[in-house]
Amino acid sequence: MLSRRQKHILLKFFSMFSVVRGYNILVVIIAQYLTAVYILAHDKPVRSVLLDLNLFMLVAASALTIAGGYIINNFYDSEKDLINRPQKSMLDRLVSQNTKLSFYFVLNFFAAIMASYVSFKAVVFFSVYIFAIWFYSHKLKRLPFIGNLTSAILTITPFFAIFLYYKNFESVIFVHAIFLFLIISMRELTKDLENIKGDLALDYQTIPIVYGEKASKIMLTILAVLTLIPTYLLLTRFEIGHMNYFFYLCIVLLFIFLILLWKSKTKTHYLILHNILKFIIVLGVFSILLLDVNVVLNRIL
């Protein structure tokens with residue numbers, strides 16, 4: 001049996017894990033390594049990529065910066081989350097705001113230290129990234145379009161760190177990035193529809209509040225149709241191995257998404273739509289393994 005103090009510490013740990021969205025960070029770490037192994041450094045032995053200390057430092061700096069970003073976002077959104085996510089908010093509040101801010105500065109400090117191991121340019125990159133996350137959380141996320149665009153860009157920024165490290169400028173990488181950017185943009189707009197109650201109460205000028213739910217649904221429909229462009233290019237112009245099954249499934253899931261979207265009216269409906277998009281993103285990460293399994297197995301040695 002755990003003592004009362006041990007239970008208290010465990011609750012604090014789960015609270016902090018909830019604040020920094022540890023599960024999301026784990027997915028980002030896996031995605032960065034899979035992207036490095038299968039796409040950005042596909043011509044190098046797997047072992048040399050996995051044991052590359054510079055890559056490890058960039059991934060670790062990304063993870064720490066993202067964790068800090070979730071903390072500062074939670075700090076500014078604490079009142080809104082009480083309305084939109086009351087249960088999660090109660091768990092998050094087990095850790096004081098002062099403690100969260102202390103963690104925020106410590107995480108960013110260590111992110112800069114790890115980036116400095118790679119290069120001065122890496123320090124500048126992550127310093128700008130840290131500032132951009134703070135500015136988004138403090139100001140930009142309250143603005144329509146700008147907030148959504150900035151959030152989508154910040155979400156894919158960690159991949160630019162390893163992209164610049166390997167300096168791989170193959171066109172297939174940019175097409176993958178466009179597909180991911182469009183899906184993340186859809187997720188951000190769906191989140192705005194899901195959180196409209198709290199955003200309205202705290203005067204957030206999101207797209208659904210400024211332009212209405214119908215206009216938001218039209219924009220989501222346009223974004224869904226636009227995803228067909230990079231999907232078509234990836235299926236017809238590039239060699240993506242068995243990952244083509246993922247993109248065929250995406251077409252089906254996005255079709256289902258649009259049907260449900262135009263029938264959605266409540267927070268629960270939008271939460272389901274949000275989870276469909278999250279599923280596509282997470283599935284996309286692990287589907288990178290399908291690019292060419294045999295080649296990668298041969299590269300292990």
# chains A, B, ... in the order shown; residues from 1 in each chain; ligands from 1

$ closest_atom_pairs --of "region 102-196 of chain A" --to "region 207-229 of chain A" --cutoff "12 Å" --atoms "only C-alpha atoms" --output "Markdown table"
| residue | atom | partner | partner_atom | distance |
| --- | --- | --- | --- | --- |
| A:Lys141 | CA | A:Ile207 | CA | 10.8 |
| A:Arg142 | CA | A:Ile207 | CA | 9.7 |
| A:Leu143 | CA | A:Ile207 | CA | 8.1 |
| A:Pro144 | CA | A:Ile207 | CA | 4.9 |
| A:Phe145 | CA | A:Ile207 | CA | 6.7 |
| A:Ile146 | CA | A:Ile207 | CA | 9.8 |
| A:Gly147 | CA | A:Ile207 | CA | 9.3 |
| A:Asn148 | CA | A:Ile207 | CA | 8.7 |
| A:Leu149 | CA | A:Ile207 | CA | 11.5 |
| A:Val175 | CA | A:Ile229 | CA | 9.1 |
| A:His176 | CA | A:Thr227 | CA | 10.4 |
| A:Ala177 | CA | A:Thr227 | CA | 11.1 |
| A:Ile178 | CA | A:Thr227 | CA | 8.2 |
| A:Phe179 | CA | A:Thr227 | CA | 5.8 |
| A:Leu180 | CA | A:Thr227 | CA | 8.7 |
| A:Phe181 | CA | A:Thr227 | CA | 9.2 |
| A:Leu182 | CA | A:Thr227 | CA | 6.2 |
| A:Ile183 | CA | A:Thr227 | CA | 7.4 |
| A:Ile184 | CA | A:Leu223 | CA | 10.1 |
| A:Ser185 | CA | A:Leu223 | CA | 7.9 |
| A:Met186 | CA | A:Leu220 | CA | 6.0 |
| A:Arg187 | CA | A:Leu220 | CA | 9.1 |
| A:Glu188 | CA | A:Leu220 | CA | 10.0 |
| A:Leu189 | CA | A:Ser216 | CA | 7.3 |
| A:Thr190 | CA | A:Leu220 | CA | 7.9 |
| A:Lys191 | CA | A:Pro208 | CA | 10.1 |
| A:Asp192 | CA | A:Pro208 | CA | 6.7 |
| A:Leu193 | CA | A:Pro208 | CA | 6.1 |
| A:Glu194 | CA | A:Pro208 | CA | 9.7 |
| A:Asn195 | CA | A:Pro208 | CA | 9.6 |
| A:Ile196 | CA | A:Ile209 | CA | 7.0 |

$ select_by_dssp --residues "region 71-289 of chain A" --states "alpha helix (DSSP H)" --output "NGL selection string"
:A and (71-76 or 78-84 or 86-92 or 97-118 or 120-138 or 146-166 or 171-194 or 196-201 or 207-211 or 213-226 or 228-236 or 244-261 or 267-287)

$ closest_atom_pairs --of "region 165-262 of chain A" --to "region 75-87 of chain A" --cutoff "8 Å" --atoms "only C-alpha atoms" --output "JSON lines"
{"residue": "A:Asn195", "atom": "CA", "partner": "A:Asn84", "partner_atom": "CA", "distance": 5.7}
{"residue": "A:Lys197", "atom": "CA", "partner": "A:Asn84", "partner_atom": "CA", "distance": 6.9}
{"residue": "A:Gly198", "atom": "CA", "partner": "A:Lys80", "partner_atom": "CA", "distance": 5.0}
{"residue": "A:Asp199", "atom": "CA", "partner": "A:Lys80", "partner_atom": "CA", "distance": 6.7}
{"residue": "A:Ala201", "atom": "CA", "partner": "A:Lys80", "partner_atom": "CA", "distance": 7.8}
{"residue": "A:Leu202", "atom": "CA", "partner": "A:Lys80", "partner_atom": "CA", "distance": 6.7}
